[in-house]
Structures are given as structure tokens and as C-alpha cells.
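Listing of structure06.txt; format and content: compact mmCIF, C-alpha atoms.
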```txt
# COMPACT_ATOMS: atom_id res chain seq x y z
CA MET A 713 -5.91 -3.29 -13.55
CA ASN A 714 -9.11 -2.49 -11.59
CA VAL A 715 -9.85 -2.50 -7.87
CA ARG A 716 -10.91 -6.14 -7.92
CA LYS A 717 -7.59 -7.15 -9.43
CA LEU A 718 -5.68 -5.13 -6.85
CA THR A 719 -7.67 -6.73 -4.03
CA LEU A 720 -6.85 -10.21 -5.31
CA LEU A 721 -3.16 -9.36 -5.66
CA LEU A 722 -2.91 -7.88 -2.17
CA SER A 723 -4.77 -10.86 -0.68
CA ALA A 724 -2.35 -13.28 -2.32
CA MET A 725 0.59 -11.15 -1.20
CA LEU A 726 -0.53 -11.17 2.42
CA ALA A 727 -1.35 -14.87 2.33
CA PHE A 728 2.04 -15.78 0.92
CA ALA A 729 3.83 -13.53 3.38
CA SER A 730 2.00 -15.18 6.27
CA LEU A 731 3.23 -18.66 5.33
CA PRO A 732 6.40 -18.44 7.48
CA ALA A 733 4.36 -17.61 10.58
CA MET A 734 1.99 -20.50 9.84
CA VAL A 735 4.90 -22.91 9.37
CA ARG A 736 6.48 -21.74 12.61
CA ALA A 737 3.20 -22.10 14.50
CA GLN A 738 2.65 -25.62 13.12
CA ALA A 739 6.17 -26.66 14.08
CA PHE A 740 5.60 -25.42 17.61
CA ALA A 741 2.31 -27.30 17.83
CA ASP A 742 3.98 -30.51 16.64
CA SER A 743 6.71 -30.15 19.25
CA GLU A 744 4.08 -29.72 21.95
CA ASP A 745 2.28 -32.87 20.84
CA SER A 746 5.47 -34.92 20.82
CA SER A 747 6.68 -33.79 24.23
CA GLY A 748 3.30 -33.63 25.93
CA THR A 749 4.29 -30.43 27.69
CA ALA A 750 3.64 -26.84 26.72
CA ALA A 751 6.59 -24.49 26.72
CA SER A 752 6.41 -20.74 26.80
CA VAL A 753 8.04 -19.15 23.76
CA SER A 754 9.07 -15.52 23.57
CA PRO A 755 9.23 -14.26 19.98
CA VAL A 756 12.61 -12.89 18.98
CA LEU A 757 12.33 -9.60 17.11
CA PRO A 758 15.11 -8.30 14.88
CA ASP A 759 17.44 -5.60 16.07
CA LEU A 760 15.98 -2.43 14.59
CA THR A 761 19.09 -0.29 15.16
CA TYR A 762 19.96 1.33 11.85
CA SER A 763 23.04 0.16 10.03
CA ARG A 764 23.62 1.47 6.52
CA PRO A 765 23.70 -1.46 4.06
CA THR A 766 26.81 -2.29 2.09
CA GLU A 767 26.93 -2.15 -1.69
CA LYS A 768 26.87 -5.95 -1.77
CA THR A 769 23.69 -5.98 0.29
CA ARG A 770 22.08 -3.36 -1.95
CA LEU A 771 22.94 -5.34 -5.07
CA ARG A 772 21.71 -8.62 -3.61
CA ASN A 773 18.41 -7.05 -2.55
CA TYR A 774 17.97 -5.44 -5.96
CA PHE A 775 18.36 -8.70 -7.88
CA PHE A 776 16.10 -10.51 -5.43
CA ASP A 777 13.44 -7.82 -5.61
CA ALA A 778 13.59 -7.47 -9.40
CA PHE A 779 14.09 -11.06 -10.57
CA GLY A 780 13.47 -13.28 -7.55
CA PRO A 781 10.53 -15.57 -6.75
CA TYR A 782 8.21 -12.81 -5.54
CA PRO A 783 8.02 -10.81 -8.81
CA ILE A 784 7.70 -14.07 -10.77
CA MET A 785 4.86 -15.27 -8.56
CA PHE A 786 2.95 -11.99 -8.61
CA SER A 787 3.47 -11.55 -12.35
CA ALA A 788 2.04 -15.02 -12.90
CA LEU A 789 -0.95 -14.15 -10.71
CA ALA A 790 -1.50 -10.76 -12.35
CA GLY A 791 -1.16 -12.32 -15.78
CA GLY A 792 -3.84 -14.87 -14.88
CA ILE A 793 -6.21 -12.15 -13.69
CA ASN A 794 -5.62 -10.10 -16.82
CA GLN A 795 -6.13 -13.23 -18.90
CA ALA A 796 -9.50 -13.85 -17.25
CA ASP A 797 -10.52 -10.21 -17.84
CA LYS A 798 -9.13 -10.24 -21.41
CA THR A 799 -6.99 -7.18 -20.68
CA PRO A 800 -5.86 -5.96 -23.09
CA PRO A 801 -8.20 -7.72 -25.54
CA GLU A 802 -5.73 -7.30 -28.41
CA TRP A 803 -3.53 -10.01 -26.86
CA LYS A 804 -6.36 -12.53 -27.13
CA GLN A 805 -6.47 -15.80 -25.16
CA GLY A 806 -4.53 -19.04 -24.99
CA ALA A 807 -0.95 -19.72 -24.00
CA ALA A 808 0.37 -16.97 -26.29
CA GLY A 809 -1.94 -14.38 -24.72
CA TYR A 810 -1.02 -15.42 -21.19
CA GLY A 811 2.67 -15.31 -22.07
CA LYS A 812 2.32 -11.71 -23.25
CA ARG A 813 0.45 -10.71 -20.10
CA PHE A 814 2.92 -12.46 -17.80
CA GLY A 815 5.87 -10.90 -19.63
CA SER A 816 4.22 -7.48 -19.47
CA ASP A 817 3.61 -7.62 -15.72
CA PHE A 818 7.09 -8.98 -15.07
CA GLY A 819 8.59 -6.23 -17.24
CA ILE A 820 6.65 -3.53 -15.38
CA ALA A 821 7.85 -4.90 -12.04
CA ALA A 822 11.46 -5.12 -13.23
CA VAL A 823 11.48 -1.56 -14.61
CA THR A 824 9.81 -0.24 -11.45
CA THR A 825 12.31 -1.93 -9.16
CA THR A 826 15.29 -0.91 -11.30
CA THR A 827 14.10 2.70 -11.32
CA ARG A 828 13.58 2.72 -7.57
CA TYR A 829 17.02 1.33 -6.79
CA ALA A 830 18.86 3.38 -9.43
CA LEU A 831 17.29 6.68 -8.36
CA SER A 832 17.77 5.80 -4.70
CA ARG A 833 21.46 5.27 -5.41
CA ALA A 834 21.63 8.63 -7.23
CA PHE A 835 19.82 10.38 -4.36
CA ARG A 836 21.95 8.49 -1.79
CA GLU A 837 18.92 6.92 -0.20
CA ASP A 838 18.46 3.54 1.44
CA ALA A 839 15.53 1.94 -0.41
CA MET A 840 15.14 -1.11 1.84
CA TYR A 841 12.24 -1.55 4.23
CA TYR A 842 12.77 -1.28 8.01
CA ARG A 843 10.17 -2.53 10.43
CA CYS A 844 8.73 -0.24 13.08
CA SER A 845 10.06 -0.31 16.62
CA CYS A 846 6.60 0.71 17.82
CA ASN A 847 3.80 -1.51 19.15
CA GLY A 848 0.17 -1.74 18.15
CA VAL A 849 -1.58 -2.43 14.87
CA PHE A 850 -2.33 1.15 13.85
CA PRO A 851 1.11 2.64 14.61
CA ARG A 852 2.75 -0.19 12.65
CA LEU A 853 0.27 0.18 9.82
CA ARG A 854 0.94 3.90 9.68
CA HIS A 855 4.68 3.20 9.63
CA ALA A 856 4.30 0.75 6.72
CA VAL A 857 2.25 3.22 4.69
CA ILE A 858 4.55 6.18 5.39
CA SER A 859 7.61 4.08 4.59
CA SER A 860 6.20 3.57 1.10
CA PHE A 861 6.80 7.28 0.45
CA THR A 862 10.01 7.77 2.44
CA ALA A 863 13.56 6.38 2.58
CA ARG A 864 16.48 6.37 4.99
CA HIS A 865 19.02 9.15 4.58
CA GLY A 866 22.47 9.81 6.01
CA THR A 867 24.52 7.73 8.39
CA ASP A 868 21.88 8.04 11.11
CA GLY A 869 19.17 6.64 8.87
CA HIS A 870 16.62 9.39 9.38
CA SER A 871 13.47 9.11 7.27
CA ALA A 872 12.63 11.69 4.62
CA PHE A 873 10.41 11.94 1.57
CA SER A 874 11.60 9.73 -1.28
CA PHE A 875 11.15 10.91 -4.85
CA PRO A 876 12.32 7.52 -6.26
CA ALA A 877 9.70 5.61 -4.25
CA VAL A 878 6.87 7.74 -5.64
CA VAL A 879 7.98 8.04 -9.27
CA ALA A 880 9.19 4.45 -9.85
CA PRO A 881 5.73 2.80 -10.26
CA TYR A 882 4.78 5.33 -12.94
CA VAL A 883 8.04 4.84 -14.82
CA GLY A 884 7.27 1.13 -14.96
CA THR A 885 3.77 1.59 -16.35
CA MET A 886 4.81 4.37 -18.73
CA THR A 887 7.47 2.04 -20.12
CA ALA A 888 4.83 -0.64 -20.68
CA VAL A 889 2.35 1.70 -22.35
CA TYR A 890 4.89 3.15 -24.78
CA GLY A 891 6.99 0.02 -25.10
CA TRP A 892 4.69 -2.94 -25.70
CA TYR A 893 1.04 -2.14 -24.95
CA PRO A 894 -1.40 -1.62 -27.87
CA ASP A 895 -1.28 1.82 -29.50
CA ARG A 896 -4.65 2.90 -28.10
CA TYR A 897 -3.13 3.09 -24.59
CA GLY A 898 -1.85 6.49 -23.52
CA PRO A 899 -0.55 8.51 -20.57
CA LYS A 900 -3.88 8.38 -18.72
CA ASP A 901 -3.77 4.59 -18.79
CA ALA A 902 -0.16 4.62 -17.61
CA PHE A 903 -1.04 6.94 -14.74
CA ARG A 904 -4.02 4.79 -13.76
CA MET A 905 -1.92 1.63 -13.84
CA GLY A 906 0.84 3.39 -11.90
CA ASN A 907 -1.62 4.24 -9.13
CA TYR A 908 -2.44 0.56 -8.69
CA SER A 909 1.24 -0.32 -8.82
CA LEU A 910 1.94 2.16 -6.03
CA LEU A 911 -0.91 0.71 -3.96
CA GLY A 912 0.56 -2.74 -4.50
CA TYR A 913 3.91 -1.47 -3.22
CA ILE A 914 2.19 -0.16 -0.09
CA GLY A 915 0.53 -3.54 0.38
CA SER A 916 3.86 -5.35 0.13
CA ASN A 917 5.32 -3.07 2.82
CA VAL A 918 2.37 -3.85 5.07
CA ALA A 919 3.08 -7.54 4.53
CA LEU A 920 6.75 -7.05 5.42
CA GLU A 921 5.76 -5.17 8.57
CA PHE A 922 3.25 -7.65 9.96
CA PHE A 923 4.50 -11.00 8.66
CA TYR A 924 8.21 -10.89 9.37
CA SER A 925 9.25 -14.46 10.10
CA GLY A 926 12.86 -14.16 11.16
CA PRO A 927 16.09 -15.33 9.47
CA HIS A 928 15.75 -18.88 10.81
CA SER A 929 12.28 -19.59 9.43
CA LEU A 930 11.69 -22.08 6.63
CA LEU A 931 11.28 -19.40 3.96
CA GLY A 932 14.14 -17.41 5.44
CA ARG A 933 16.45 -20.38 4.96
CA MET A 934 15.18 -20.65 1.38
CA HIS A 935 16.08 -16.95 0.91
CA LEU A 936 12.43 -16.09 0.26
CA ASN A 937 12.14 -13.78 3.24
CA ASN A 938 14.53 -11.01 2.25
CA GLY A 939 12.75 -9.05 -0.46
CA ARG A 940 13.26 -5.33 0.10
CA GLY A 941 13.81 -5.99 3.79
CA ALA A 942 16.62 -4.50 5.80
CA PRO A 943 19.67 -6.73 6.17
CA ASP A 944 19.52 -9.15 9.05
CA PRO A 945 21.73 -7.81 11.87
CA ASP A 946 23.17 -11.28 12.45
CA SER A 947 24.27 -11.71 8.85
CA ARG A 948 27.67 -10.84 7.47
CA PRO A 949 28.08 -8.66 4.37
```

Produce C-alpha cells that represent the structure in this file.
Amino acid sequence: MNVRKLTLLLSAMLAFASLPAMVRAQAFADSEDSSGTAASVSPVLPDLTYSRPTEKTRLRNYFFDAFGPYPIMFSALAGGINQADKTPPEWKQGAAGYGKRFGSDFGIAAVTTTTRYALSRAFREDAMYYRCSCNGVFPRLRHAVISSFTARHGTDGHSAFSFPAVVAPYVGTMTAVYGWYPDRYGPKDAFRMGNYSLLGYIGSNVALEFFYSGPHSLLGRMHLNNGRGAPDPDSRP
């Protein structure tokens, strides 16, 4: 996967994550048109006070993050890009070639997510993403990037370096290279692919930071707004 592929994936990720905000804005505009009066709306932000997730919440987030609509959608997109670039060429074209590429990308994502959650459990870390309580684009951007390499620890939820977050993308690509990729691929290819996988993980955290849409949004009600996010404070375990 080259830089152009990564750019396309991140663009699609951000666009899809912004859908809830667009739906909410359109609904507000429609209500203004029907009433003829403009009302002032104050956005409701989630309570960012740390609360350690239950095992049920961890398990639910794992299955959503590993096998939910997001990994399916991004695997389909990545498979299409790889199909257009004929990568790897040994898989050829047609439906059979696309199926191999889709399955490969989905497998990499599943192994990566499973590794991240399993190691986080072993290291007693909280692998879910928590939005920044700060204001401003750059502080929030910095928080999203740093959170890609850290995790919550202890009952107070302090942030510290996360070995699982860093190693998981490379485990996923190493598994692909030695599990189902053509024999000519080796550790250098796995490392290169892992770098792009890690950058994609950073991009998804940026999307979670800037495009949170709340538990009552359209996608939130469809359970499409919970991937790797912290549990909603209003929900019950």
C-alpha cells in the first residue's frame, strides 16, 4: 500500500465519520425551515470523566472494531484500490482477485485488532479512545496522535505508552505476509505495510476526535458510532 492508497483510505474514513454531523446539521436546517424561526442550539459534549470500562463493554467494542461495519467497509475500499493497482499481481483480476484482496485486508484488520485488545488485556490497559477535554484544533489533533501510541492505565485512567498499540499493526501485516501473501514478500514488506496500517490507525483516531456525533445521532442509533470509542456515560453496562 503506497502513499496514494493511504490518502484515499484516510479521506474515505474522514468522510464517513463526518456523516453524523452532516445528518444532524441537515435535520436542524429542516426544522428551521418548517418552523420559520431560528433557534440557538448548544452542542452537548460527552462527559469526559474517566470510568474504567466493564468486561462486557470491552468485549462489545472488540467485536465491533474487529468484525463490524467499519472494518468491512474499509477492507472493501482497500481491496478495490489494490485491485486497481494489481497488488499483488499474482492474485490477478476479476471477482476472484478482488475476493482475495478483500479477504486479505479484512484478515489484516482482524488480526491487528485482536492483537491490540489481547495484549491490552494482558498489560491491563484500556485500549478504547477517549476524546480530549481541551479546545482548539491543534491541541485536539495532538491528543489524537498521541493517543495512538498510549493507553489508559490504572483506576484513574492516566495515559502511558502502549506497547500493544504500536506492535499490533505489524503483527497484522506479518501474519499476512507469512500466512497468505505470495512467497516473494518478506519482513521488509510486512514492516512497510505495518507503517501504513499504523498511520491508518492514527487517522481513525483523528476522525473519532473531530467527528464525534453523540449517542443520539442517526449512526449512533444504528450502533455505527461506537468503534473503539469510550463507553457513553449515559449507557448502562

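Closest approach to Ala872 in chain A among A:Phe814, A:Phe776, A:Phe835, A:Phe903: A:Phe835, based on all atoms listed in the file.
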
* **Counting all atoms listed in the file, the residue of A:Tyr810, A:Phe850, A:Tyr893, A:Tyr829 that sits nearest Gly791 in chain A** =>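 Among the listed residues, A:Tyr810 lies closest to Gly791 in chain A.
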
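Of the residues under consideration (A:Arg770, A:Arg828, A:Arg854, A:Lys812), A:Arg828 shows the shortest atom-to-atom contact distance to Val878 in chain A when counting only C-alpha atoms.
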
- prompt: Which of these, A:Ala863, A:Ala821, A:Ala808, A:Ala834, has the shortest distance to Tyr782 in chain A once you count all atoms listed in the file?
  reply: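 Ranking A:Ala863, A:Ala821, A:Ala808, A:Ala834 by distance to Tyr782 in chain A, first place goes to A:Ala821.
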
Tell me, as a count of residues only, which residues lie within 12 Å of Ile784 in chain A, counting all atoms listed in the file; anything in the same chain fewer than 2 positions away does not count.
22

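Closest to Ser909 in chain A among A:Gly869, A:Pro881, A:Gly792, A:Gly891 is A:Pro881, based on only C-alpha atoms.
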
Show me the residues around (4.8, -2.0, 10.6) - criterion: an atom at most 7 Å away, all atoms listed in the file counted - as a PDB file with C-alpha atoms, in the frame of the given file.
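Below is the file part00.pdb, written as the result:
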```
ATOM      1  CA  ARG A 843      10.170  -2.530  10.430  1.00  0.00           C
ATOM      2  CA  CYS A 844       8.730  -0.240  13.080  1.00  0.00           C
ATOM      3  CA  ARG A 852       2.750  -0.190  12.650  1.00  0.00           C
ATOM      4  CA  LEU A 853       0.270   0.180   9.820  1.00  0.00           C
ATOM      5  CA  HIS A 855       4.680   3.200   9.630  1.00  0.00           C
ATOM      6  CA  ALA A 856       4.300   0.750   6.720  1.00  0.00           C
ATOM      7  CA  VAL A 918       2.370  -3.850   5.070  1.00  0.00           C
ATOM      8  CA  GLU A 921       5.760  -5.170   8.570  1.00  0.00           C
ATOM      9  CA  PHE A 922       3.250  -7.650   9.960  1.00  0.00           C
TER      10      PHE A 922
END
```

Separating CA of Ile858 in chain A from CA of Ile793 in chain A, to the nearest tenth of an Å, is a gap of 28.6 Å

Exercise for review: Rounded to one decimal place, report the CA of Tyr882 in chain A-CA of Gly898 in chain A distance in Å.
Suggested key: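 For CA of Tyr882 in chain A relative to CA of Gly898 in chain A, the distance reads 12.5 Å.
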
What separates CA of Met886 in chain A and CA of Ala902 in chain A is a distance of 5.1 Å

Dump as number ranges by chain all residues having an atom at most 7 Å from (18.4, 0.2, 2.6), computed in the file's coordinates with all atoms listed in the file.
A: 764-765, 770, 838-841, 864, 942
